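Okay, structure first, notes after.
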Amino acid sequence: MACSSDDKRLIHKYLDEEVTLLEKKQLESHITKCPECEEQLQELRKTVAIIQSASHMKAPDDFTDNVMSRLPKQPRSTRWKVWMKKHPYLITAATFFLVFIVSLQSIWNEGNKEIVVKGDGQFIVDKERGVVVIPEGETISGDLVVRNGNIEVEGEVHGDITVINGEWYLASLGQVTGEINEINQMLEWLWYHAKEFFNDVVSIVDNNNGENNDKSE
Amino acid sequence: MNAGGYIEMDAVVKKIINEVKRGDQQAFAELVELYKDKVYQVAYRMLGNVHEAQDIAQEAFLRAYTNLESFDMNRKFSTWLFRIATNLAIDRIRKKKPDFHLEDQVAGTEDLTYYSQFASDEELPEDKVVKLEMQEWVQNEIMMLPPKYRSAIVLKYMEDLSLKEISNILNLPVATVKTRIHRGREALRKRLRDS
């Protein structure tokens with residue numbers, strides 16, 4: 001039986017899986033009568049199977065690195081922007097820290113002008129010399145903080161003394177029951193504030209815990 | 001299942017592309033990792049040479065990076081990437097045409113590293129040899145095809161792409177792609193019969 005070009009076309013259509021049910025039947029009945037077409041179909045199927053069996057290939061190991069090293073260099077500013085977008089929390093923390101520093105600095109600058117004393121009791125402030133004097137026979141109960149000046153203790157202090165941006169002098173008769181701290185450096189001062197801040201936080205947390213415990217009891 | 005997988009994959013690819021467009025150059029490495037094997041395979045099957053395949057595949061990724069702004073996000077990234085790669089490979093074939101036939105005869109045998117590049121699980125040595133000989137034969141036969149049939153056959157049977165995708169990659173009507181596949185198939189059949 002002579003094969004028409006239609007039959008050849010049908011074979012390829014069949015391999016493309018695009019034949020209708022009718023065309024499929026048509027081809028199948030043709031093949032039973034035509035060994036030439038049957039052979040061609042078998043050979044084509046085998047060809048496709050062999051090509052499909054070719055293993056998938058892998059790119060060399062250094063492929064990605066090679067591509068990345070050949071990409072055009074980016075300007076620094078772009079890289080910085082990308083970095084910022086990737087690390088929003090770090091930026092937030094850095095901003096917070098900056099605000100913290102700036103606000104502390106403004107407190108430092110404000111307090112820099114005049115001698116300031118915090119504490120309860122009788123003491124003399126000598127503004128000309130820039131000295132706070134606790135006279136002989138006087139007793140101060142509680143903590144004392146002196147900023148931008150020196151302190152001379154001739155009497156008694158029942159508590160801590162903190163000297164910011166100044167020096168302390170303890171007379172032979174003077175007595176201090178607590179600790180004496182001297183803070184002259186900006187960093188030390190910052191550290192002192194930070195410590196106080198965290199002490200406050202801790203005490204608040206402690207208070208809260210205490211309340212909770214009260215409730216649970 | 002498959003359709004869902006593709007959609008998910010597309011979403012991942014789009015996310016990476018947006019990151020690269022925003023200036024995150026390092027994100028591009030993820031795209032390279034996703035497609036390097038496929039692009040490399042197309043280049044190798046088209047050129048039949050490990051060094052040229054690597055060169056063309058890398059060039060395809062570099063072009064994709066520099067032209068990423070012109071990529072239409074509504075289209076499939078892999079189609080666009082394959083298009084760049086096949087165009088580069090066809091250009092390379094055209095340029096080396098004078099000594100084309102000389103190279104043809106040694107394709108596959110010229111480079112021993114070629115063997116080591118197939119991803120294969122551990123097999124019995126004899127099976128491996130038979131398989132490698134078959135691989136070599138397949139690649140030789142593909143290299144004998146004219147480039148326009150070669151690209152259609154490689155994309156259809158080695159990359160397992162649909163006729164529609166191939167038509168988008170080669171920028172040809174589906175009917176033309178079909179004809180090329182038919183002719184390529186026919187040519188391979190005749191050679192298989194004669195061998």
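How things are named: the first chain in the structure tokens is A, the next is B, and so on; residues count from 1 in each chain; ligands count from 1 in the order shown.
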
- prompt: Could you write out, as a list in words, all the residues of range 65-104 of chain B that DSSP marks as alpha helix (DSSP H)?
  reply: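 These are the residues in question: Tyr65, Thr66, Phe77, Ser78, Thr79, Trp80, Leu81, Phe82, Arg83, Ile84, Ala85, Thr86, Asn87, Leu88, Ala89, Ile90, Asp91, Arg92, Ile93, Arg94, Lys95, Phe100, His101, Leu102, Glu103 and Asp104 of chain B.
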
message: With only C-alpha atoms considered, list every residue of chain A at most 12 Å from chain B, as an NGL selection string.
response: :A and (8-18 or 39-86)

- prompt: Taking only C-alpha atoms into account, which of B:Thr79, B:Asp127, B:Ile16, B:Ile56 comes nearest Ser162 in chain B?
  reply: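 Of the candidates, the smallest distance to Ser162 in chain B is held by B:Thr79.
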
message: Can you pull out the residues contacting Asp143 in chain A? Cut-off 9 Å, using only C-alpha atoms, and skip same-chain residues under 5 positions away; I want them as a PyMOL selection string.
response: chain A and resi 118-120+157-162+178

field: Neighbour list for Arg94 in chain B as a VMD selection string, cut-off 12 Å, only C-alpha atoms, skip fewer than 5 positions in-chain
entry: chain B and resid 46 to 47 87 to 89 99 to 100 146 to 148

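Nearest to Arg147 in chain A of all the residues A:Asp126, A:Glu114, A:Asp7, A:Glu179 is A:Glu114, based on only C-alpha atoms.
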